$ cat entry25.json   # JSON, C-alpha atoms
[["chain", "number", "residue", "atom", "x", "y", "z"],
["Y", 123, "MET", "CA", -69.03, -65.48, 14.74],
["Y", 124, "GLY", "CA", -66.22, -64.43, 16.91],
["Y", 125, "THR", "CA", -65.92, -65.29, 20.49],
["Y", 126, "ARG", "CA", -66.66, -62.94, 23.30],
["Y", 127, "GLY", "CA", -62.92, -62.54, 23.84],
["Y", 128, "ASP", "CA", -62.43, -61.36, 20.25],
["Y", 129, "ARG", "CA", -65.16, -58.78, 20.62],
["Y", 130, "ALA", "CA", -63.65, -57.62, 23.88],
["Y", 131, "THR", "CA", -60.24, -56.84, 22.29],
["Y", 132, "ARG", "CA", -61.51, -55.41, 19.00],
["Y", 133, "PRO", "CA", -62.26, -51.85, 20.30],
["Y", 134, "GLY", "CA", -58.72, -51.58, 21.63],
["Y", 135, "ARG", "CA", -57.27, -52.40, 18.21],
["Y", 136, "TRP", "CA", -59.38, -49.69, 16.52],
["Y", 137, "VAL", "CA", -58.24, -47.12, 19.05],
["Y", 138, "ALA", "CA", -54.59, -47.99, 18.41],
["Y", 139, "ALA", "CA", -55.05, -47.74, 14.64],
["Y", 140, "VAL", "CA", -56.86, -44.39, 14.84],
["Y", 141, "CYS", "CA", -54.23, -42.94, 17.15],
["Y", 142, "ALA", "CA", -51.42, -44.04, 14.84],
["Y", 143, "VAL", "CA", -52.77, -42.11, 11.82],
["Y", 144, "PRO", "CA", -52.27, -38.59, 13.22],
["Y", 145, "LEU", "CA", -48.75, -39.49, 14.34],
["Y", 146, "LEU", "CA", -47.82, -40.65, 10.84],
["Y", 147, "ALA", "CA", -49.34, -37.50, 9.31],
["Y", 148, "LEU", "CA", -47.42, -35.28, 11.69],
["Y", 149, "ALA", "CA", -44.20, -37.09, 10.96],
["Y", 150, "ALA", "CA", -44.72, -36.71, 7.20],
["Y", 151, "CYS", "CA", -45.42, -32.95, 7.43],
["Y", 152, "ALA", "CA", -42.74, -32.04, 9.89],
["Y", 153, "GLY", "CA", -39.79, -32.74, 7.52],
["Y", 154, "PRO", "CA", -36.20, -33.34, 8.60],
["Y", 155, "ALA", "CA", -34.97, -31.79, 11.79],
["Y", 156, "PRO", "CA", -32.91, -28.59, 11.22],
["Y", 157, "VAL", "CA", -29.15, -29.08, 11.21],
["Y", 158, "PRO", "CA", -27.39, -26.83, 13.73],
["Y", 159, "GLN", "CA", -25.16, -24.31, 11.99],
["Y", 160, "PRO", "CA", -21.60, -23.88, 13.24],
["Y", 161, "THR", "CA", -20.97, -20.59, 14.96],
["Y", 162, "THR", "CA", -18.44, -18.28, 13.31],
["Y", 163, "SER", "CA", -16.48, -15.45, 14.85],
["Y", 164, "ALA", "CA", -15.03, -12.45, 13.01],
["Y", 165, "THR", "CA", -11.25, -12.32, 12.51],
["Y", 166, "PRO", "CA", -9.80, -10.12, 15.22],
["Y", 167, "GLN", "CA", -8.76, -6.73, 13.86],
["Y", 168, "LEU", "CA", -5.12, -5.90, 14.45],
["Y", 169, "PRO", "CA", -4.31, -2.67, 16.29],
["Y", 170, "PRO", "CA", -3.65, 0.27, 13.94],
["Y", 171, "ARG", "CA", 0.09, 0.25, 14.75],
["Y", 172, "GLN", "CA", 0.38, -3.39, 13.62],
["Y", 173, "GLN", "CA", -1.77, -2.80, 10.53],
["Y", 174, "LEU", "CA", 0.47, 0.05, 9.41],
["Y", 175, "ALA", "CA", 3.64, -1.92, 10.17],
["Y", 176, "ALA", "CA", 2.44, -4.85, 8.05],
["Y", 177, "ARG", "CA", 1.65, -2.67, 5.03],
["Y", 178, "ALA", "CA", 4.83, -0.63, 5.36],
["Y", 179, "ALA", "CA", 6.88, -3.85, 5.53],
["Y", 180, "GLN", "CA", 5.43, -4.83, 2.16],
["Y", 181, "ALA", "CA", 6.34, -1.39, 0.80],
["Y", 182, "THR", "CA", 10.01, -1.85, 1.71],
["Y", 183, "ALA", "CA", 10.29, -4.88, -0.59],
["Y", 184, "LEU", "CA", 7.81, -3.89, -3.30],
["Y", 185, "LYS", "CA", 8.98, -3.79, -6.92],
["Y", 186, "PHE", "CA", 6.68, -1.42, -8.83],
["Y", 187, "THR", "CA", 6.19, 1.83, -10.69],
["Y", 188, "ALA", "CA", 3.77, 4.45, -9.39],
["Y", 189, "THR", "CA", 2.90, 8.00, -10.40],
["Y", 190, "TYR", "CA", 1.57, 10.60, -7.98],
["Y", 191, "ALA", "CA", 0.31, 14.16, -8.01],
["Y", 192, "LEU", "CA", 2.31, 16.33, -5.58],
["Y", 193, "THR", "CA", 0.92, 19.52, -4.09],
["Y", 194, "GLY", "CA", 2.28, 21.79, -1.38],
["Y", 195, "GLY", "CA", 5.06, 21.08, 1.07],
["Y", 196, "ASN", "CA", 8.83, 21.42, 1.11],
["Y", 197, "ALA", "CA", 9.46, 18.74, -1.52],
["Y", 198, "GLN", "CA", 7.51, 20.59, -4.18],
["Y", 199, "GLN", "CA", 9.27, 23.86, -3.43],
["Y", 200, "ALA", "CA", 12.64, 22.13, -3.66],
["Y", 201, "ALA", "CA", 11.79, 20.49, -6.97],
["Y", 202, "SER", "CA", 10.79, 23.69, -8.72],
["Y", 203, "SER", "CA", 11.26, 27.33, -7.81],
["Y", 204, "SER", "CA", 8.19, 28.24, -9.85],
["Y", 205, "ALA", "CA", 6.01, 26.20, -7.44],
["Y", 206, "PRO", "CA", 3.23, 25.11, -9.83],
["Y", 207, "ALA", "CA", -0.14, 24.06, -8.48],
["Y", 208, "SER", "CA", 0.71, 20.39, -8.97],
["Y", 209, "GLN", "CA", 3.71, 18.35, -9.98],
["Y", 210, "SER", "CA", 4.13, 14.77, -11.13],
["Y", 211, "VAL", "CA", 6.16, 12.29, -9.11],
["Y", 212, "THR", "CA", 7.06, 8.87, -10.50],
["Y", 213, "ILE", "CA", 8.91, 6.24, -8.46],
["Y", 214, "SER", "CA", 10.23, 2.99, -9.95],
["Y", 215, "ARG", "CA", 11.65, 0.27, -7.72],
["Y", 216, "THR", "CA", 13.49, -2.73, -9.13],
["Y", 217, "ALA", "CA", 15.76, -5.40, -7.69],
["Y", 218, "ASP", "CA", 18.75, -3.22, -8.67],
["Y", 219, "GLY", "CA", 17.64, 0.14, -7.30],
["Y", 220, "TRP", "CA", 15.18, 2.96, -7.85],
["Y", 221, "ARG", "CA", 14.43, 5.96, -10.01],
["Y", 222, "LEU", "CA", 12.52, 9.05, -8.88],
["Y", 223, "ASP", "CA", 11.25, 11.69, -11.33],
["Y", 224, "ILE", "CA", 9.88, 14.99, -10.03],
["Y", 225, "GLY", "CA", 8.63, 17.87, -12.12],
["Y", 226, "ASP", "CA", 6.13, 19.41, -14.48],
["Y", 227, "SER", "CA", 6.01, 20.43, -18.12],
["Y", 228, "ALA", "CA", 8.73, 23.05, -17.55],
["Y", 229, "GLN", "CA", 11.27, 21.11, -15.48],
["Y", 230, "VAL", "CA", 11.93, 17.49, -14.57],
["Y", 231, "ILE", "CA", 14.60, 16.22, -12.19],
["Y", 232, "SER", "CA", 15.39, 12.53, -12.35],
["Y", 233, "LEU", "CA", 17.28, 10.72, -9.58],
["Y", 234, "VAL", "CA", 18.62, 7.26, -10.35],
["Y", 235, "HIS", "CA", 20.27, 4.86, -7.89],
["Y", 236, "THR", "CA", 21.74, 1.43, -8.65],
["Y", 237, "THR", "CA", 24.49, -0.75, -7.25],
["Y", 238, "ALA", "CA", 26.90, 1.25, -9.44],
["Y", 239, "GLY", "CA", 26.10, 4.61, -7.80],
["Y", 240, "THR", "CA", 23.64, 7.50, -7.76],
["Y", 241, "TRP", "CA", 22.96, 10.06, -10.49],
["Y", 242, "LYS", "CA", 21.01, 13.29, -10.75],
["Y", 243, "CYS", "CA", 19.59, 14.20, -14.15],
["Y", 244, "THR", "CA", 18.17, 17.52, -15.32],
["Y", 245, "LEU", "CA", 15.79, 16.93, -18.19],
["Y", 246, "SER", "CA", 14.72, 20.50, -18.96],
["Y", 247, "GLY", "CA", 16.42, 22.87, -21.37],
["Y", 248, "ALA", "CA", 18.18, 22.25, -24.65],
["Y", 249, "ALA", "CA", 20.80, 19.86, -23.26],
["Y", 250, "PRO", "CA", 19.42, 17.33, -20.75],
["Y", 251, "SER", "CA", 22.21, 15.62, -18.82],
["Y", 252, "CYS", "CA", 23.05, 13.37, -15.89],
["Y", 253, "ALA", "CA", 25.86, 13.67, -13.36],
["Y", 254, "GLN", "CA", 27.00, 11.14, -10.77],
["Y", 255, "VAL", "CA", 26.49, 12.45, -7.23],
["Y", 256, "ALA", "CA", 27.43, 9.36, -5.19],
["Y", 257, "ALA", "CA", 29.74, 6.43, -5.83],
["Y", 258, "ALA", "CA", 28.81, 2.79, -5.50],
["Y", 259, "GLY", "CA", 27.99, 1.86, -1.93],
["Y", 260, "GLN", "CA", 27.50, 5.46, -0.81],
["Y", 261, "PRO", "CA", 24.12, 6.90, 0.24],
["Y", 262, "PRO", "CA", 22.48, 9.62, -1.88],
["Y", 263, "PRO", "CA", 23.36, 13.18, -0.87],
["Y", 264, "ALA", "CA", 21.21, 14.77, 1.82],
["Y", 265, "ASP", "CA", 20.07, 17.80, -0.15],
["Y", 266, "ASP", "CA", 16.68, 19.25, -1.08],
["Y", 267, "ASP", "CA", 16.54, 17.47, -4.42],
["Y", 268, "PHE", "CA", 16.40, 14.16, -2.58],
["Y", 269, "ALA", "CA", 13.91, 15.30, 0.08],
["Y", 270, "LEU", "CA", 11.03, 13.29, -1.37],
["Y", 271, "LEU", "CA", 13.05, 10.08, -1.63],
["Y", 272, "LYS", "CA", 12.62, 9.25, 2.08],
["Y", 273, "VAL", "CA", 8.87, 8.84, 1.51],
["Y", 274, "PHE", "CA", 9.60, 5.67, -0.46],
["Y", 275, "THR", "CA", 12.78, 4.42, 1.24],
["Y", 276, "ALA", "CA", 13.54, 5.46, 4.83],
["Y", 277, "TRP", "CA", 10.03, 6.12, 6.07],
["Y", 278, "PRO", "CA", 8.51, 2.72, 5.19],
["Y", 279, "GLN", "CA", 11.38, 1.08, 7.07],
["Y", 280, "GLU", "CA", 10.65, 3.20, 10.15],
["Y", 281, "LEU", "CA", 6.90, 2.59, 9.94],
["Y", 282, "ALA", "CA", 7.50, -1.17, 9.68],
["Y", 283, "ASN", "CA", 9.80, -1.21, 12.72],
["Y", 284, "PRO", "CA", 7.76, -1.93, 15.89],
["Y", 285, "ALA", "CA", 10.42, -0.11, 17.94],
["Y", 286, "THR", "CA", 9.86, 3.22, 16.17],
["Y", 287, "ALA", "CA", 8.39, 5.69, 18.68],
["Y", 288, "ILE", "CA", 5.14, 6.63, 16.95],
["Y", 289, "ALA", "CA", 1.44, 6.57, 17.79],
["Y", 290, "VAL", "CA", -0.91, 5.34, 15.07],
["Y", 291, "ASN", "CA", -4.66, 5.60, 14.53],
["Y", 292, "VAL", "CA", -6.86, 4.80, 11.54],
["Y", 293, "THR", "CA", -8.31, 8.00, 10.10],
["Y", 294, "SER", "CA", -11.53, 8.57, 8.17],
["Y", 295, "SER", "CA", -10.29, 11.70, 6.37],
["Y", 296, "PRO", "CA", -7.68, 10.35, 3.98],
["Y", 297, "PRO", "CA", -5.80, 12.28, 1.29],
["Y", 298, "ALA", "CA", -6.43, 9.36, -1.10],
["Y", 299, "PRO", "CA", -9.65, 7.52, -2.04],
["Y", 300, "THR", "CA", -8.06, 4.07, -1.86],
["Y", 301, "GLY", "CA", -6.14, 2.09, 0.72],
["Y", 302, "VAL", "CA", -6.26, 2.34, 4.50],
["Y", 303, "CYS", "CA", -5.05, 5.64, 5.96],
["Y", 304, "PHE", "CA", -3.27, 6.05, 9.28],
["Y", 305, "GLU", "CA", -2.68, 9.15, 11.34],
["Y", 306, "VAL", "CA", 0.90, 9.05, 12.64],
["Y", 307, "ASP", "CA", 2.16, 11.13, 15.57],
["Y", 308, "ILE", "CA", 5.60, 11.24, 17.17],
["Y", 309, "VAL", "CA", 5.52, 9.86, 20.71],
["Y", 310, "SER", "CA", 8.42, 11.83, 22.19],
["Y", 311, "ALA", "CA", 9.56, 15.34, 21.32],
["Y", 312, "SER", "CA", 12.98, 14.63, 22.87],
["Y", 313, "ILE", "CA", 14.09, 12.37, 20.01],
["Y", 314, "ALA", "CA", 14.73, 13.10, 16.37],
["Y", 315, "ALA", "CA", 11.51, 12.42, 14.47],
["Y", 316, "PRO", "CA", 11.92, 9.11, 12.59],
["Y", 317, "VAL", "CA", 9.18, 10.16, 10.14],
["Y", 318, "ASP", "CA", 7.15, 13.29, 9.57],
["Y", 319, "PRO", "CA", 3.86, 13.28, 11.48],
["Y", 320, "GLY", "CA", 0.85, 13.17, 9.20],
["Y", 321, "THR", "CA", -1.36, 10.80, 7.26],
["Y", 322, "TYR", "CA", -0.03, 7.72, 5.46],
["Y", 323, "CYS", "CA", -2.21, 5.57, 3.17],
["Y", 324, "TYR", "CA", -1.22, 2.11, 1.90],
["Y", 325, "ASP", "CA", -3.14, -0.52, 0.00],
["Y", 326, "ALA", "CA", -3.06, -4.23, 0.82],
["Y", 327, "ASN", "CA", -0.02, -4.75, -1.45],
["Y", 328, "GLY", "CA", 2.07, -2.05, 0.21],
["Y", 329, "VAL", "CA", 1.64, 0.63, -2.47],
["Y", 330, "LEU", "CA", 1.54, 4.13, -1.02],
["Y", 331, "THR", "CA", -1.79, 5.53, -2.20],
["Y", 332, "GLY", "CA", -1.71, 8.86, -0.40],
["Y", 333, "LEU", "CA", 0.39, 11.00, 1.95],
["Y", 334, "ARG", "CA", -0.13, 14.27, 3.78],
["Y", 335, "THR", "CA", 2.86, 15.64, 5.74],
["Y", 336, "SER", "CA", 5.07, 18.74, 5.72],
["Y", 337, "THR", "CA", 6.83, 17.11, 2.77],
["Y", 338, "GLY", "CA", 3.66, 17.66, 0.72],
["Y", 339, "THR", "CA", 0.47, 15.89, -0.29],
["Y", 340, "LEU", "CA", 0.78, 12.91, -2.60],
["Y", 341, "LYS", "CA", -2.15, 11.24, -4.35],
["Y", 342, "LEU", "CA", -1.71, 8.08, -6.37],
["Y", 343, "VAL", "CA", -2.53, 8.51, -10.06],
["Y", 344, "SER", "CA", -1.49, 5.11, -11.42],
["Y", 345, "SER", "CA", 0.64, 2.10, -10.52],
["Y", 346, "GLY", "CA", 1.97, -0.95, -12.32],
["Y", 347, "ALA", "CA", 4.93, -3.23, -12.91],
["Y", 348, "PRO", "CA", 8.51, -1.92, -12.63],
["Y", 349, "PRO", "CA", 10.69, -1.42, -15.71],
["Y", 350, "ALA", "CA", 12.84, -4.32, -16.85],
["Y", 351, "ALA", "CA", 15.95, -2.26, -16.07],
["Y", 352, "LEU", "CA", 16.90, 1.19, -14.82],
["Y", 353, "ALA", "CA", 18.53, 3.53, -17.34],
["Y", 354, "LEU", "CA", 19.72, 7.12, -17.24],
["Y", 355, "PRO", "CA", 17.27, 9.32, -19.16],
["Y", 356, "ALA", "CA", 19.99, 11.61, -20.56],
["Y", 357, "PRO", "CA", 23.71, 11.54, -21.48],
["Y", 358, "LEU", "CA", 26.19, 11.31, -18.63],
["Y", 359, "VAL", "CA", 28.51, 14.31, -18.27],
["Y", 360, "ALA", "CA", 31.47, 15.07, -16.04],
["Y", 361, "ALA", "CA", 33.23, 18.43, -15.70],
["Y", 362, "GLY", "CA", 31.13, 19.74, -18.57],
["Y", 363, "ALA", "CA", 32.20, 17.06, -21.05],
["Y", 364, "PRO", "CA", 30.38, 13.90, -22.13],
["Y", 365, "VAL", "CA", 31.78, 10.63, -20.83],
["Y", 366, "SER", "CA", 31.91, 7.74, -23.29],
["Y", 367, "PRO", "CA", 30.05, 5.48, -23.55],
["Y", 368, "THR", "CA", 26.83, 7.25, -22.65],
["Y", 369, "PRO", "CA", 23.95, 5.18, -21.21],
["Y", 370, "THR", "CA", 21.02, 4.40, -23.47],
["Y", 371, "PRO", "CA", 18.21, 6.88, -22.76],
["Y", 372, "SER", "CA", 14.93, 5.45, -21.56],
["Y", 373, "SER", "CA", 11.75, 5.82, -23.56],
["Y", 374, "SER", "CA", 10.29, 8.60, -21.36],
["Y", 375, "PRO", "CA", 11.36, 10.86, -18.45],
["Y", 376, "SER", "CA", 9.30, 8.76, -16.06],
["Y", 377, "GLY", "CA", 10.85, 5.46, -17.10],
["Y", 378, "ARG", "CA", 7.45, 3.93, -17.88]]

$ encode --input "entry25.json" --output "C-alpha cells"
Amino acid sequence: MGTRGDRATRPGRWVAAVCAVPLLALAACAGPAPVPQPTTSATPQLPPRQQLAARAAQATALKFTATYALTGGNAQQAASSSAPASQSVTISRTADGWRLDIGDSAQVISLVHTTAGTWKCTLSGAAPSCAQVAAAGQPPPADDDFALLKVFTAWPQELANPATAIAVNVTSSPPAPTGVCFEVDIVSASIAAPVDPGTYCYDANGVLTGLRTSTGTLKLVSSGAPPAALALPAPLVAAGAPVSPTPTPSSSPSGR
C-alpha cells in the first residue's frame, strides 16, 4: 500500500497527464506554421514618351527585312500615278545600307543606298534599269520617290531623341494588330515638324508594325532577317547606255 502522501499527489499527476493529451493532439493536427510570402510590386510603367523613344531607338539600329501594305497618303500617290487600292512596300536594312521597294503588279520602284552611293531603279516595262542619283557620302535626293524613306530612317531618330518636341500617348485604336501604338502630336506649331503627327506602332524589337500619318497607312505583312548583301535589281545605266560591269541582279524585286 502506498502512503498517505502518495495518495495525496496521485490525483495531481492524473490531471497533468489528461491535460497534456489534448495539447499533443492539437499540435499534431495544426501542421507547420504558414511561411510569410514576400510582397512583390509591379514594375513601374514608363511614360508613353519614354516607351516610344526606347522602341524607336531599337529601330534606328535594327537589321531586318519587312514587307508592308500601303494605302492612302502622299507616298502612295508619289509611287504610282494609277493609285491602286494597296501597294507593297519592302524595306531591307543591313550594316551597309538599305533598300526600299514600292509598287504593285504594274510598277515597282526600287531605291538602294550603300556606302558607294544611292540608286533609283525602275523595274516595270520591257527594260528595267537603275541609275545613280547620289554619290558616295551624299544624302538621297529630296523628291517624292523618296518620301516614304523617312518613315524608316529620319523619323525613328527623331522619335528616339528625348529633345524632339512631341507629345505622346498610348492609343487603343491602332492601325496594326501587333505591337504598342502611340499617338504622336507636335508640341509647337512654330517649328518645323520633326515627324508627321499620327499613330506609330512598334514591337518590342523595334520593328515598325503599323503607321497612320499623312504619308499613308502602313500595316506589317511579314518580317525577317536582312539579305546577306544589297544588290541592284536591274542593270545600271548612265546617259541611256549600260555601264560595264553591271551589278548582279537580286533574286526578286523585293530583295527577299

$ closest_residue --input "entry25.json" --among "Y:Ala276, Y:Lys185, Y:Gly338, Y:Phe304" --to "Ala207 in chain Y" --atoms "only C-alpha atoms"
Y:Gly338

$ residues_near_point --input "entry25.json" --point "(2.6, -3.2, -1.4)" --cutoff "8 Å" --atoms "only C-alpha atoms" --output "PyMOL selection string"
chain Y and resi 177-178+180-181+183-184+324-330

$ residues_around --input "entry25.json" --residues "range 343-351 of chain Y" --least-positions-apart "3" --cutoff "8 Å" --atoms "all atoms listed in the file" --output "PyMOL selection string"
chain Y and resi 185-191+214-216+218+377-378

$ residues_around --input "entry25.json" --residues "Ala287 in chain Y" --least-positions-apart "2" --cutoff "8 Å" --atoms "all atoms listed in the file" --output "PyMOL selection string"
chain Y and resi 285+289+308-310+316

$ residues_near_point --input "entry25.json" --point "(12.6, 20.7, -15.9)" --cutoff "6 Å" --atoms "all atoms listed in the file" --output "PyMOL selection string"
chain Y and resi 228-230+245-246

$ atom_distance --input "entry25.json" --atom1 "CA of Ser336 in chain Y" --atom2 "CA of Val317 in chain Y"
10.5 Å

$ atom_distance --input "entry25.json" --atom1 "CA of Val290 in chain Y" --atom2 "CA of Leu222 in chain Y"
27.7 Å

$ atom_distance --input "entry25.json" --atom1 "CA of Leu354 in chain Y" --atom2 "CA of Trp241 in chain Y"
8.0 Å

$ residues_around --input "entry25.json" --residues "Pro262 in chain Y" --least-positions-apart "3" --cutoff "8 Å" --atoms "all atoms listed in the file" --output "list in words"
His235, Thr240, Val255, Ala256 and Phe268 of chain Y
